[in-house]
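S.K.: Just so it is clear, I am handing over my_file_37.cif, which has mmCIF, C-alpha atoms and all ligand atoms.
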data_run
#
loop_
_atom_site.group_PDB
_atom_site.id
_atom_site.type_symbol
_atom_site.label_atom_id
_atom_site.label_comp_id
_atom_site.auth_asym_id
_atom_site.auth_seq_id
_atom_site.Cartn_x
_atom_site.Cartn_y
_atom_site.Cartn_z
ATOM 1 C CA MET A 21 -60.638 -172.232 -185.502
ATOM 2 C CA ASP A 22 -59.484 -169.410 -183.201
ATOM 3 C CA ILE A 23 -57.494 -170.455 -180.151
ATOM 4 C CA LYS A 24 -59.142 -169.465 -176.871
ATOM 5 C CA LYS A 25 -57.232 -171.244 -174.145
ATOM 6 C CA PRO A 26 -53.544 -172.025 -174.623
ATOM 7 C CA PHE A 27 -51.633 -174.310 -172.288
ATOM 8 C CA VAL A 28 -47.852 -174.277 -171.893
ATOM 9 C CA ILE A 29 -45.922 -177.204 -170.444
ATOM 10 C CA GLY A 30 -42.414 -176.440 -169.176
ATOM 11 C CA THR A 31 -41.782 -173.105 -167.450
ATOM 12 C CA GLY A 32 -38.074 -172.748 -168.255
ATOM 13 C CA ILE A 33 -36.623 -170.050 -170.489
ATOM 14 C CA MET A 34 -38.948 -170.727 -173.417
ATOM 15 C CA GLY A 35 -42.146 -171.863 -171.674
ATOM 16 C CA SER A 36 -42.238 -168.804 -169.391
ATOM 17 C CA GLY A 37 -41.621 -166.554 -172.382
ATOM 18 C CA VAL A 38 -44.361 -168.156 -174.483
ATOM 19 C CA GLY A 39 -46.768 -168.041 -171.527
ATOM 20 C CA GLN A 40 -46.008 -164.368 -170.902
ATOM 21 C CA LEU A 41 -46.467 -163.631 -174.593
ATOM 22 C CA CYS A 42 -49.891 -165.340 -174.582
ATOM 23 C CA ALA A 43 -50.967 -163.324 -171.527
ATOM 24 C CA GLN A 44 -49.679 -160.077 -173.058
ATOM 25 C CA GLN A 45 -51.769 -160.777 -176.149
ATOM 26 C CA GLY A 46 -54.891 -161.193 -173.980
ATOM 27 C CA TYR A 47 -55.108 -164.979 -173.606
ATOM 28 C CA ASP A 48 -55.788 -166.717 -170.299
ATOM 29 C CA VAL A 49 -52.917 -169.179 -170.232
ATOM 30 C CA THR A 50 -52.032 -172.080 -167.963
ATOM 31 C CA LEU A 51 -48.354 -172.894 -167.382
ATOM 32 C CA VAL A 52 -47.293 -176.209 -165.887
ATOM 33 C CA ASP A 53 -43.988 -177.634 -164.660
ATOM 34 C CA ILE A 54 -42.925 -180.521 -162.453
ATOM 35 C CA SER A 55 -42.519 -178.838 -159.063
ATOM 36 C CA ASP A 56 -43.893 -175.921 -157.054
ATOM 37 C CA ASP A 57 -40.353 -174.678 -156.596
ATOM 38 C CA ILE A 58 -39.677 -174.491 -160.361
ATOM 39 C CA VAL A 59 -43.073 -172.926 -161.070
ATOM 40 C CA GLY A 60 -42.598 -170.390 -158.223
ATOM 41 C CA LYS A 61 -39.184 -169.333 -159.506
ATOM 42 C CA ALA A 62 -40.492 -169.002 -163.080
ATOM 43 C CA ARG A 63 -43.378 -166.819 -161.900
ATOM 44 C CA GLU A 64 -40.979 -164.589 -159.937
ATOM 45 C CA LYS A 65 -38.751 -164.227 -163.002
ATOM 46 C CA VAL A 66 -41.659 -163.142 -165.192
ATOM 47 C CA LYS A 67 -42.781 -160.711 -162.488
ATOM 48 C CA THR A 68 -39.281 -159.233 -162.165
ATOM 49 C CA GLY A 69 -39.060 -158.766 -165.942
ATOM 50 C CA LEU A 70 -42.438 -157.033 -166.083
ATOM 51 C CA ASN A 71 -41.564 -154.889 -163.060
ATOM 52 C CA ARG A 72 -38.463 -153.693 -164.864
ATOM 53 C CA ARG A 73 -40.639 -152.632 -167.805
ATOM 54 C CA VAL A 74 -42.895 -150.698 -165.429
ATOM 55 C CA GLU A 75 -39.861 -148.944 -163.908
ATOM 56 C CA LYS A 76 -38.672 -147.996 -167.396
ATOM 57 C CA GLY A 77 -42.117 -146.571 -168.188
ATOM 58 C CA LYS A 78 -42.729 -149.074 -171.019
ATOM 59 C CA ILE A 79 -45.898 -150.486 -169.440
ATOM 60 C CA THR A 80 -48.130 -149.357 -166.574
ATOM 61 C CA GLN A 81 -48.564 -151.081 -163.224
ATOM 62 C CA GLU A 82 -52.108 -152.001 -164.339
ATOM 63 C CA ASP A 83 -50.739 -153.584 -167.545
ATOM 64 C CA MET A 84 -48.387 -155.678 -165.458
ATOM 65 C CA GLU A 85 -51.096 -156.781 -163.058
ATOM 66 C CA SER A 86 -53.462 -157.657 -165.857
ATOM 67 C CA VAL A 87 -50.791 -159.765 -167.636
ATOM 68 C CA LEU A 88 -49.961 -161.592 -164.385
ATOM 69 C CA SER A 89 -53.648 -162.191 -163.648
ATOM 70 C CA ARG A 90 -54.007 -164.014 -166.979
ATOM 71 C CA MET A 91 -51.175 -166.441 -166.131
ATOM 72 C CA ASN A 92 -52.350 -169.473 -164.179
ATOM 73 C CA TRP A 93 -49.335 -171.395 -162.793
ATOM 74 C CA SER A 94 -49.672 -175.029 -161.802
ATOM 75 C CA THR A 95 -48.051 -178.455 -161.443
ATOM 76 C CA ASP A 96 -51.255 -180.241 -162.505
ATOM 77 C CA MET A 97 -51.081 -181.510 -166.088
ATOM 78 C CA ASP A 98 -54.767 -182.453 -165.961
ATOM 79 C CA GLN A 99 -55.547 -178.764 -166.459
ATOM 80 C CA ALA A 100 -54.703 -179.339 -170.128
ATOM 81 C CA ARG A 101 -58.203 -180.836 -170.376
ATOM 82 C CA GLU A 102 -59.681 -177.310 -170.505
ATOM 83 C CA CYS A 103 -57.324 -176.062 -173.222
ATOM 84 C CA ASP A 104 -57.524 -176.001 -177.016
ATOM 85 C CA PHE A 105 -53.830 -175.528 -177.876
ATOM 86 C CA VAL A 106 -50.760 -176.894 -176.095
ATOM 87 C CA VAL A 107 -47.244 -175.532 -176.505
ATOM 88 C CA GLU A 108 -44.721 -177.999 -175.109
ATOM 89 C CA ALA A 109 -41.438 -176.386 -173.989
ATOM 90 C CA ILE A 110 -39.834 -179.054 -171.805
ATOM 91 C CA SER A 111 -36.270 -180.360 -171.989
ATOM 92 C CA GLU A 112 -34.870 -181.241 -175.441
ATOM 93 C CA ASN A 113 -35.017 -185.017 -174.861
ATOM 94 C CA ILE A 114 -36.990 -187.297 -177.162
ATOM 95 C CA ASP A 115 -37.958 -189.862 -174.502
ATOM 96 C CA VAL A 116 -39.220 -187.224 -172.092
ATOM 97 C CA LYS A 117 -41.108 -185.415 -174.861
ATOM 98 C CA LYS A 118 -42.752 -188.654 -176.064
ATOM 99 C CA GLU A 119 -43.837 -189.503 -172.542
ATOM 100 C CA VAL A 120 -45.368 -186.048 -172.078
ATOM 101 C CA PHE A 121 -47.115 -186.125 -175.476
ATOM 102 C CA ALA A 122 -48.634 -189.560 -174.718
ATOM 103 C CA LYS A 123 -49.965 -188.151 -171.454
ATOM 104 C CA LEU A 124 -51.270 -184.967 -173.093
ATOM 105 C CA ASP A 125 -52.959 -187.124 -175.750
ATOM 106 C CA SER A 126 -54.869 -188.978 -173.041
ATOM 107 C CA ILE A 127 -55.833 -185.784 -171.180
ATOM 108 C CA CYS A 128 -56.732 -183.303 -173.936
ATOM 109 C CA SER A 129 -59.896 -183.114 -176.012
ATOM 110 C CA PRO A 130 -59.476 -184.835 -179.417
ATOM 111 C CA GLU A 131 -59.621 -181.413 -181.125
ATOM 112 C CA THR A 132 -56.677 -179.947 -179.202
ATOM 113 C CA ILE A 133 -53.513 -179.249 -181.192
ATOM 114 C CA LEU A 134 -50.278 -180.379 -179.529
ATOM 115 C CA ALA A 135 -47.343 -178.196 -180.592
ATOM 116 C CA SER A 136 -43.713 -178.780 -179.664
ATOM 117 C CA ASN A 137 -41.190 -175.977 -179.321
ATOM 118 C CA THR A 138 -38.438 -178.517 -180.025
ATOM 119 C CA THR A 139 -35.320 -177.113 -181.611
ATOM 120 C CA ALA A 140 -34.176 -180.170 -183.514
ATOM 121 C CA LEU A 141 -36.095 -183.326 -182.541
ATOM 122 C CA SER A 142 -38.340 -185.091 -185.039
ATOM 123 C CA VAL A 143 -41.947 -183.895 -184.957
ATOM 124 C CA SER A 144 -43.016 -187.220 -186.533
ATOM 125 C CA GLU A 145 -41.316 -189.165 -183.756
ATOM 126 C CA ILE A 146 -42.911 -187.007 -181.067
ATOM 127 C CA ALA A 147 -46.284 -187.408 -182.827
ATOM 128 C CA SER A 148 -45.881 -191.198 -182.876
ATOM 129 C CA ALA A 149 -46.464 -191.193 -179.113
ATOM 130 C CA THR A 150 -50.032 -189.952 -179.702
ATOM 131 C CA LEU A 151 -53.207 -191.142 -181.430
ATOM 132 C CA ARG A 152 -53.501 -187.755 -183.183
ATOM 133 C CA PRO A 153 -50.359 -187.353 -185.310
ATOM 134 C CA ASP A 154 -52.326 -185.081 -187.674
ATOM 135 C CA LYS A 155 -52.685 -182.584 -184.789
ATOM 136 C CA VAL A 156 -49.031 -182.603 -183.698
ATOM 137 C CA ILE A 157 -46.786 -179.861 -185.049
ATOM 138 C CA GLY A 158 -43.501 -178.072 -184.415
ATOM 139 C CA MET A 159 -44.013 -174.461 -183.304
ATOM 140 C CA HIS A 160 -40.548 -173.071 -182.749
ATOM 141 C CA PHE A 161 -40.404 -169.765 -180.897
ATOM 142 C CA PHE A 162 -37.113 -167.925 -180.585
ATOM 143 C CA ASN A 163 -35.451 -166.658 -177.431
ATOM 144 C CA PRO A 164 -36.673 -164.316 -175.932
ATOM 145 C CA ALA A 165 -40.121 -165.454 -177.078
ATOM 146 C CA VAL A 166 -41.772 -162.188 -176.053
ATOM 147 C CA ILE A 167 -39.518 -160.183 -178.367
ATOM 148 C CA MET A 168 -38.363 -162.299 -181.325
ATOM 149 C CA LYS A 169 -40.699 -161.910 -184.290
ATOM 150 C CA LEU A 170 -40.239 -165.287 -185.949
ATOM 151 C CA VAL A 171 -42.100 -168.527 -185.263
ATOM 152 C CA GLU A 172 -40.966 -171.447 -187.416
ATOM 153 C CA ILE A 173 -43.675 -173.972 -188.159
ATOM 154 C CA ILE A 174 -42.307 -177.481 -188.704
ATOM 155 C CA ARG A 175 -44.591 -180.198 -189.991
ATOM 156 C CA GLY A 176 -44.360 -183.886 -189.173
ATOM 157 C CA GLU A 177 -45.126 -186.547 -191.797
ATOM 158 C CA LYS A 178 -48.780 -186.704 -190.753
ATOM 159 C CA THR A 179 -49.451 -183.099 -189.697
ATOM 160 C CA SER A 180 -52.670 -181.947 -191.424
ATOM 161 C CA GLU A 181 -52.976 -178.769 -193.490
ATOM 162 C CA ASP A 182 -55.700 -177.684 -191.074
ATOM 163 C CA THR A 183 -53.316 -177.995 -188.100
ATOM 164 C CA ILE A 184 -50.720 -175.942 -189.994
ATOM 165 C CA ALA A 185 -53.291 -173.238 -190.816
ATOM 166 C CA VAL A 186 -54.567 -172.989 -187.208
ATOM 167 C CA THR A 187 -51.006 -172.855 -185.841
ATOM 168 C CA LYS A 188 -49.974 -170.138 -188.309
ATOM 169 C CA LYS A 189 -53.053 -168.084 -187.396
ATOM 170 C CA PHE A 190 -52.323 -168.532 -183.665
ATOM 171 C CA ALA A 191 -48.725 -167.352 -184.226
ATOM 172 C CA GLU A 192 -50.065 -164.281 -186.033
ATOM 173 C CA ASP A 193 -52.559 -163.610 -183.231
ATOM 174 C CA LEU A 194 -49.555 -163.674 -180.880
ATOM 175 C CA GLY A 195 -48.040 -160.890 -182.988
ATOM 176 C CA LYS A 196 -45.465 -163.147 -184.661
ATOM 177 C CA VAL A 197 -44.489 -163.880 -188.251
ATOM 178 C CA PRO A 198 -44.865 -167.611 -188.969
ATOM 179 C CA ILE A 199 -42.629 -169.256 -191.561
ATOM 180 C CA ALA A 200 -43.362 -172.896 -192.358
ATOM 181 C CA THR A 201 -40.838 -175.379 -193.739
ATOM 182 C CA ALA A 202 -41.925 -177.314 -196.825
ATOM 183 C CA LYS A 203 -41.038 -180.625 -195.152
ATOM 184 C CA GLU A 204 -39.860 -181.988 -191.846
ATOM 185 C CA ALA A 205 -36.352 -180.720 -191.175
ATOM 186 C CA PRO A 206 -34.215 -181.076 -188.038
ATOM 187 C CA ALA A 207 -33.684 -177.626 -186.506
ATOM 188 C CA GLY A 208 -35.746 -175.940 -189.232
ATOM 189 C CA ILE A 209 -34.060 -172.960 -190.860
ATOM 190 C CA VAL A 210 -32.566 -170.531 -188.348
ATOM 191 C CA SER A 211 -31.199 -172.974 -185.761
ATOM 192 C CA ARG A 212 -29.562 -175.101 -188.463
ATOM 193 C CA VAL A 213 -27.944 -172.130 -190.200
ATOM 194 C CA LEU A 214 -26.784 -170.712 -186.862
ATOM 195 C CA ALA A 215 -25.573 -174.078 -185.538
ATOM 196 C CA GLY A 216 -22.441 -174.192 -187.702
ATOM 197 C CA MET A 217 -21.455 -170.676 -186.685
ATOM 198 C CA LEU A 218 -22.006 -171.295 -182.950
ATOM 199 C CA ASN A 219 -19.962 -174.493 -183.145
ATOM 200 C CA GLU A 220 -17.124 -172.710 -184.909
ATOM 201 C CA ALA A 221 -17.109 -169.856 -182.368
ATOM 202 C CA ALA A 222 -16.780 -172.406 -179.522
ATOM 203 C CA ALA A 223 -13.961 -174.130 -181.459
ATOM 204 C CA VAL A 224 -12.132 -170.808 -181.987
ATOM 205 C CA TYR A 225 -12.292 -170.269 -178.209
ATOM 206 C CA ALA A 226 -11.177 -173.867 -177.475
ATOM 207 C CA ASP A 227 -8.207 -173.404 -179.861
ATOM 208 C CA GLY A 228 -7.056 -170.461 -177.704
ATOM 209 C CA ILE A 229 -7.359 -167.999 -180.583
ATOM 210 C CA ALA A 230 -9.215 -165.303 -178.635
ATOM 211 C CA SER A 231 -11.190 -164.632 -175.452
ATOM 212 C CA PRO A 232 -15.031 -164.916 -175.476
ATOM 213 C CA GLN A 233 -15.209 -161.109 -175.304
ATOM 214 C CA ASP A 234 -12.945 -160.676 -178.340
ATOM 215 C CA ILE A 235 -14.665 -163.413 -180.365
ATOM 216 C CA ASP A 236 -18.066 -161.834 -179.718
ATOM 217 C CA GLU A 237 -16.874 -158.281 -180.329
ATOM 218 C CA ALA A 238 -15.170 -159.362 -183.571
ATOM 219 C CA MET A 239 -18.333 -161.065 -184.836
ATOM 220 C CA LYS A 240 -20.436 -158.019 -183.952
ATOM 221 C CA LEU A 241 -18.086 -155.519 -185.595
ATOM 222 C CA GLY A 242 -16.941 -157.664 -188.497
ATOM 223 C CA ALA A 243 -20.066 -159.648 -189.358
ATOM 224 C CA GLY A 244 -22.690 -157.129 -188.271
ATOM 225 C CA LEU A 245 -24.285 -159.499 -185.762
ATOM 226 C CA PRO A 246 -26.495 -157.931 -183.076
ATOM 227 C CA MET A 247 -25.008 -160.228 -180.428
ATOM 228 C CA GLY A 248 -21.882 -162.373 -180.255
ATOM 229 C CA PRO A 249 -22.121 -166.151 -180.853
ATOM 230 C CA LEU A 250 -20.745 -167.149 -177.436
ATOM 231 C CA ALA A 251 -23.140 -164.795 -175.630
ATOM 232 C CA LEU A 252 -25.874 -166.403 -177.727
ATOM 233 C CA ILE A 253 -24.873 -169.934 -176.640
ATOM 234 C CA ASP A 254 -24.986 -168.676 -173.025
ATOM 235 C CA MET A 255 -28.467 -167.288 -173.633
ATOM 236 C CA ILE A 256 -29.691 -170.506 -175.270
ATOM 237 C CA GLY A 257 -28.180 -172.678 -172.503
ATOM 238 C CA LEU A 258 -25.198 -174.964 -173.221
ATOM 239 C CA ASP A 259 -27.241 -178.116 -172.523
ATOM 240 C CA ILE A 260 -29.953 -177.095 -174.988
ATOM 241 C CA HIS A 261 -27.304 -176.091 -177.543
ATOM 242 C CA LEU A 262 -25.508 -179.450 -177.165
ATOM 243 C CA ALA A 263 -28.758 -181.422 -177.527
ATOM 244 C CA LYS A 264 -29.489 -179.563 -180.778
ATOM 245 C CA MET A 265 -25.972 -180.160 -182.158
ATOM 246 C CA GLU A 266 -26.099 -183.865 -181.288
ATOM 247 C CA THR A 267 -29.421 -184.264 -183.101
ATOM 248 C CA LEU A 268 -28.183 -182.342 -186.142
ATOM 249 C CA TYR A 269 -24.935 -184.333 -186.256
ATOM 250 C CA ALA A 270 -26.749 -187.661 -185.886
ATOM 251 C CA LYS A 271 -29.314 -186.800 -188.575
ATOM 252 C CA LEU A 272 -27.264 -184.917 -191.144
ATOM 253 C CA LYS A 273 -23.978 -186.819 -190.616
ATOM 254 C CA ASP A 274 -22.050 -183.667 -191.365
ATOM 255 C CA GLU A 275 -18.826 -182.780 -189.486
ATOM 256 C CA ARG A 276 -19.891 -179.133 -189.391
ATOM 257 C CA TYR A 277 -22.372 -180.095 -186.686
ATOM 258 C CA ARG A 278 -20.084 -182.198 -184.470
ATOM 259 C CA PRO A 279 -20.176 -180.458 -181.064
ATOM 260 C CA PRO A 280 -16.698 -179.453 -179.799
ATOM 261 C CA GLU A 281 -15.515 -181.088 -176.556
ATOM 262 C CA ILE A 282 -15.351 -177.730 -174.787
ATOM 263 C CA ILE A 283 -19.155 -177.609 -174.660
ATOM 264 C CA ARG A 284 -19.368 -181.009 -172.910
ATOM 265 C CA LYS A 285 -16.621 -179.998 -170.481
ATOM 266 C CA MET A 286 -18.355 -176.744 -169.586
ATOM 267 C CA ILE A 287 -21.638 -178.601 -169.010
ATOM 268 C CA ALA A 288 -19.848 -181.117 -166.750
ATOM 269 C CA ASP A 289 -18.486 -178.111 -164.789
ATOM 270 C CA GLY A 290 -22.034 -176.754 -164.367
ATOM 271 C CA LYS A 291 -21.442 -173.860 -166.761
ATOM 272 C CA LEU A 292 -24.814 -174.018 -168.512
ATOM 273 C CA GLY A 293 -24.901 -170.339 -169.454
ATOM 274 C CA ARG A 294 -27.003 -167.484 -168.170
ATOM 275 C CA LYS A 295 -29.545 -169.677 -166.402
ATOM 276 C CA ALA A 296 -26.764 -171.185 -164.252
ATOM 277 C CA GLY A 297 -24.985 -167.873 -163.591
ATOM 278 C CA GLU A 298 -21.954 -168.889 -165.681
ATOM 279 C CA GLY A 299 -21.167 -170.062 -169.199
ATOM 280 C CA PHE A 300 -18.621 -168.388 -171.460
ATOM 281 C CA TYR A 301 -19.353 -165.345 -169.261
ATOM 282 C CA LYS A 302 -20.221 -164.860 -165.562
ATOM 283 C CA TYR A 303 -23.686 -163.405 -164.807
HETATM 284 N N1 LIG A 401 -33.255 -171.987 -174.931
HETATM 285 C C1 LIG A 401 -33.493 -171.565 -176.168
HETATM 286 O O1 LIG A 401 -32.909 -170.564 -176.626
HETATM 287 C C2 LIG A 401 -34.513 -172.262 -177.033
HETATM 288 C C3 LIG A 401 -34.981 -171.607 -178.187
HETATM 289 C C4 LIG A 401 -35.965 -172.233 -178.958
HETATM 290 C C5 LIG A 401 -36.427 -173.501 -178.605
HETATM 291 N N2 LIG A 401 -35.940 -174.104 -177.484
HETATM 292 C C6 LIG A 401 -36.506 -175.446 -177.139
HETATM 293 O O2 LIG A 401 -37.508 -175.240 -176.155
HETATM 294 C C7 LIG A 401 -37.537 -176.360 -175.256
HETATM 295 C C8 LIG A 401 -37.325 -175.863 -173.834
HETATM 296 O O3 LIG A 401 -36.065 -175.227 -173.771
HETATM 297 P P1 LIG A 401 -35.694 -174.241 -172.552
HETATM 298 O O4 LIG A 401 -34.464 -173.526 -172.963
HETATM 299 O O5 LIG A 401 -36.890 -173.463 -172.123
HETATM 300 O O6 LIG A 401 -35.320 -175.318 -171.425
HETATM 301 P P2 LIG A 401 -35.184 -175.096 -169.851
HETATM 302 O O7 LIG A 401 -34.180 -176.095 -169.397
HETATM 303 O O8 LIG A 401 -35.001 -173.652 -169.512
HETATM 304 O O9 LIG A 401 -36.659 -175.503 -169.311
HETATM 305 C C9 LIG A 401 -37.225 -176.765 -169.463
HETATM 306 C C10 LIG A 401 -38.316 -176.907 -168.408
HETATM 307 O O10 LIG A 401 -39.047 -178.122 -168.682
HETATM 308 C C11 LIG A 401 -39.396 -178.667 -167.433
HETATM 309 N N3 LIG A 401 -39.762 -180.074 -167.595
HETATM 310 C C12 LIG A 401 -38.958 -181.133 -167.872
HETATM 311 N N4 LIG A 401 -39.698 -182.270 -167.924
HETATM 312 C C13 LIG A 401 -40.984 -181.902 -167.691
HETATM 313 C C14 LIG A 401 -42.214 -182.616 -167.605
HETATM 314 N N5 LIG A 401 -42.246 -183.939 -167.780
HETATM 315 N N6 LIG A 401 -43.346 -181.917 -167.350
HETATM 316 C C15 LIG A 401 -43.315 -180.584 -167.171
HETATM 317 N N7 LIG A 401 -42.184 -179.848 -167.237
HETATM 318 C C16 LIG A 401 -41.033 -180.512 -167.486
HETATM 319 C C17 LIG A 401 -38.155 -178.460 -166.569
HETATM 320 O O11 LIG A 401 -38.467 -178.580 -165.183
HETATM 321 C C18 LIG A 401 -37.759 -177.046 -166.984
HETATM 322 O O12 LIG A 401 -38.374 -176.055 -166.164
HETATM 323 C C19 LIG A 401 -36.471 -177.334 -175.761
HETATM 324 O O13 LIG A 401 -37.065 -178.292 -176.603
HETATM 325 C C20 LIG A 401 -35.532 -176.421 -176.543
HETATM 326 O O14 LIG A 401 -34.804 -177.126 -177.528
HETATM 327 C C21 LIG A 401 -35.006 -173.519 -176.691
#
Let's see the structure in the file written out as structure tokens.
M.R.:
Amino acid sequence: MDIKKPFVIGTGIMGSGVGQLCAQQGYDVTLVDISDDIVGKAREKVKTGLNRRVEKGKITQEDMESVLSRMNWSTDMDQARECDFVVEAISENIDVKKEVFAKLDSICSPETILASNTTALSVSEIASATLRPDKVIGMHFFNPAVIMKLVEIIRGEKTSEDTIAVTKKFAEDLGKVPIATAKEAPAGIVSRVLAGMLNEAAAVYADGIASPQDIDEAMKLGAGLPMGPLALIDMIGLDIHLAKMETLYAKLKDERYRPPEIIRKMIADGKLGRKAGEGFYKY
């Protein structure tokens, strides 16, 4: 089965990126969020990003217009009825995700695959909110979704082989390289491996050992990383990072994943990272 009409729910960092990617690859995509204000801001952000690429001569004005014309922005979830593949990219909260999946299950055609971009929540638990657990799957894009090559495919207990095959093919049609885990695993491969390092970088900062700039520069120069760990937490969003660490800690019961207090304090101070204008750095 080839996907013809993708639907993205959640137009934050990841949803907008996945929607833009779909449009760039020639799909007509619908993107939905909870308010006109949020949807309007997301559309403006995508437009600004594309405009910058036009200014740099990377794409033409016509390319930009044709990508934007393939992105249908809405607050009406019922539009999922017309779609054959849903990518959910809403907040990393199991109750909210289950509620949305139950609603999608009642709206979408029985053939439609419901994929979650969750970082660390259980695909089986999300699937339990639907009557089609065989068609629920984890499809984990990386940030920025337009650029990062990897898509991790995470199966739930009841995800069918057919659903895995269609999702892998869709990832490839989006120009990505899909890598599937052999079994359900919180945070898959990359986010779990990275989690310990990000935690430790925040702890090094909290211990007063070095400034964010020096920690990031040291990790770039000494560990060959393309970007520093604290800049990466800012890019991910501290709230999303904390939600992932809490899930990993609860599920794996390993001290390496216990989130340091500094992250909670920064969130309480509104320092959510790039999206809020301040995190470890000011933007
Ligand atoms: N930020 C990252 O680097 C990253 C990377 C990979 C995966 N993820 C995962 O992707 C998902 C989204 O993360 P994000 O960083 O884009 O979050 P975000 O906070 O930027 O955006 C979430 C969006 O979901 C919307 N939303 C919440 N409830 C909704 C509902 N009921 N219906 C429709 N929209 C709703 C919010 O209004 C918001 O616009 C999370 O599960 C996260 O773990 C994030």
S.K.: Given the PyMOL selection byres (((not hetatm)) within 9 of (chain A and resi 401)) and the file above, list the residues it selects as a PyMOL selection string.
M.R.: chain A and resi 29-37+52-55+58-59+62+95+97+108-113+116-117+119-120+136-141+159-165+211+252-261+263-264+295
S.K.: Take the residues from that selection and write them out as a PDB file, in the frame of the given file, keeping C-alpha atoms.
M.R.:
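Done, and the output landed in out-v2.pdb:
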ATOM      1  CA  ILE A  29     -45.922-177.204-170.444  1.00  0.00           C
ATOM      2  CA  GLY A  30     -42.414-176.440-169.176  1.00  0.00           C
ATOM      3  CA  THR A  31     -41.782-173.105-167.450  1.00  0.00           C
ATOM      4  CA  GLY A  32     -38.074-172.748-168.255  1.00  0.00           C
ATOM      5  CA  ILE A  33     -36.623-170.050-170.489  1.00  0.00           C
ATOM      6  CA  MET A  34     -38.948-170.727-173.417  1.00  0.00           C
ATOM      7  CA  GLY A  35     -42.146-171.863-171.674  1.00  0.00           C
ATOM      8  CA  SER A  36     -42.238-168.804-169.391  1.00  0.00           C
ATOM      9  CA  GLY A  37     -41.621-166.554-172.382  1.00  0.00           C
ATOM     10  CA  VAL A  52     -47.293-176.209-165.887  1.00  0.00           C
ATOM     11  CA  ASP A  53     -43.988-177.634-164.660  1.00  0.00           C
ATOM     12  CA  ILE A  54     -42.925-180.521-162.453  1.00  0.00           C
ATOM     13  CA  SER A  55     -42.519-178.838-159.063  1.00  0.00           C
ATOM     14  CA  ILE A  58     -39.677-174.491-160.361  1.00  0.00           C
ATOM     15  CA  VAL A  59     -43.073-172.926-161.070  1.00  0.00           C
ATOM     16  CA  ALA A  62     -40.492-169.002-163.080  1.00  0.00           C
ATOM     17  CA  THR A  95     -48.051-178.455-161.443  1.00  0.00           C
ATOM     18  CA  MET A  97     -51.081-181.510-166.088  1.00  0.00           C
ATOM     19  CA  GLU A 108     -44.721-177.999-175.109  1.00  0.00           C
ATOM     20  CA  ALA A 109     -41.438-176.386-173.989  1.00  0.00           C
ATOM     21  CA  ILE A 110     -39.834-179.054-171.805  1.00  0.00           C
ATOM     22  CA  SER A 111     -36.270-180.360-171.989  1.00  0.00           C
ATOM     23  CA  GLU A 112     -34.870-181.241-175.441  1.00  0.00           C
ATOM     24  CA  ASN A 113     -35.017-185.017-174.861  1.00  0.00           C
ATOM     25  CA  VAL A 116     -39.220-187.224-172.092  1.00  0.00           C
ATOM     26  CA  LYS A 117     -41.108-185.415-174.861  1.00  0.00           C
ATOM     27  CA  GLU A 119     -43.837-189.503-172.542  1.00  0.00           C
ATOM     28  CA  VAL A 120     -45.368-186.048-172.078  1.00  0.00           C
ATOM     29  CA  SER A 136     -43.713-178.780-179.664  1.00  0.00           C
ATOM     30  CA  ASN A 137     -41.190-175.977-179.321  1.00  0.00           C
ATOM     31  CA  THR A 138     -38.438-178.517-180.025  1.00  0.00           C
ATOM     32  CA  THR A 139     -35.320-177.113-181.611  1.00  0.00           C
ATOM     33  CA  ALA A 140     -34.176-180.170-183.514  1.00  0.00           C
ATOM     34  CA  LEU A 141     -36.095-183.326-182.541  1.00  0.00           C
ATOM     35  CA  MET A 159     -44.013-174.461-183.304  1.00  0.00           C
ATOM     36  CA  HIS A 160     -40.548-173.071-182.749  1.00  0.00           C
ATOM     37  CA  PHE A 161     -40.404-169.765-180.897  1.00  0.00           C
ATOM     38  CA  PHE A 162     -37.113-167.925-180.585  1.00  0.00           C
ATOM     39  CA  ASN A 163     -35.451-166.658-177.431  1.00  0.00           C
ATOM     40  CA  PRO A 164     -36.673-164.316-175.932  1.00  0.00           C
ATOM     41  CA  ALA A 165     -40.121-165.454-177.078  1.00  0.00           C
ATOM     42  CA  SER A 211     -31.199-172.974-185.761  1.00  0.00           C
ATOM     43  CA  LEU A 252     -25.874-166.403-177.727  1.00  0.00           C
ATOM     44  CA  ILE A 253     -24.873-169.934-176.640  1.00  0.00           C
ATOM     45  CA  ASP A 254     -24.986-168.676-173.025  1.00  0.00           C
ATOM     46  CA  MET A 255     -28.467-167.288-173.633  1.00  0.00           C
ATOM     47  CA  ILE A 256     -29.691-170.506-175.270  1.00  0.00           C
ATOM     48  CA  GLY A 257     -28.180-172.678-172.503  1.00  0.00           C
ATOM     49  CA  LEU A 258     -25.198-174.964-173.221  1.00  0.00           C
ATOM     50  CA  ASP A 259     -27.241-178.116-172.523  1.00  0.00           C
ATOM     51  CA  ILE A 260     -29.953-177.095-174.988  1.00  0.00           C
ATOM     52  CA  HIS A 261     -27.304-176.091-177.543  1.00  0.00           C
ATOM     53  CA  ALA A 263     -28.758-181.422-177.527  1.00  0.00           C
ATOM     54  CA  LYS A 264     -29.489-179.563-180.778  1.00  0.00           C
ATOM     55  CA  LYS A 295     -29.545-169.677-166.402  1.00  0.00           C
TER      56      LYS A 295
END
S.K.: Give me the residues near Ile23 of chain A as a list in words, where near means some atom within 8 Å (using only C-alpha atoms) and where sequence neighbours in that chain fewer than 5 positions away do not count.
M.R.: Asp104, Phe105 and Phe190 of chain A
S.K.: At a cut-off of 12 Å, using all atoms listed in the file, what residues contact segment 243-249 of chain A? Leave out same-chain residues fewer than 5 positions from it and give the result as a ChimeraX atom specification.
M.R.: /A:214-225,231-238,254-256,261,300-301
S.K.: Rank A:Ile174, A:Lys271, A:Ile167, A:Glu82 by their smallest atom-to-atom distance to Val38 of chain A, using all atoms listed in the file, and report the top residue only.
M.R.: A:Ile167
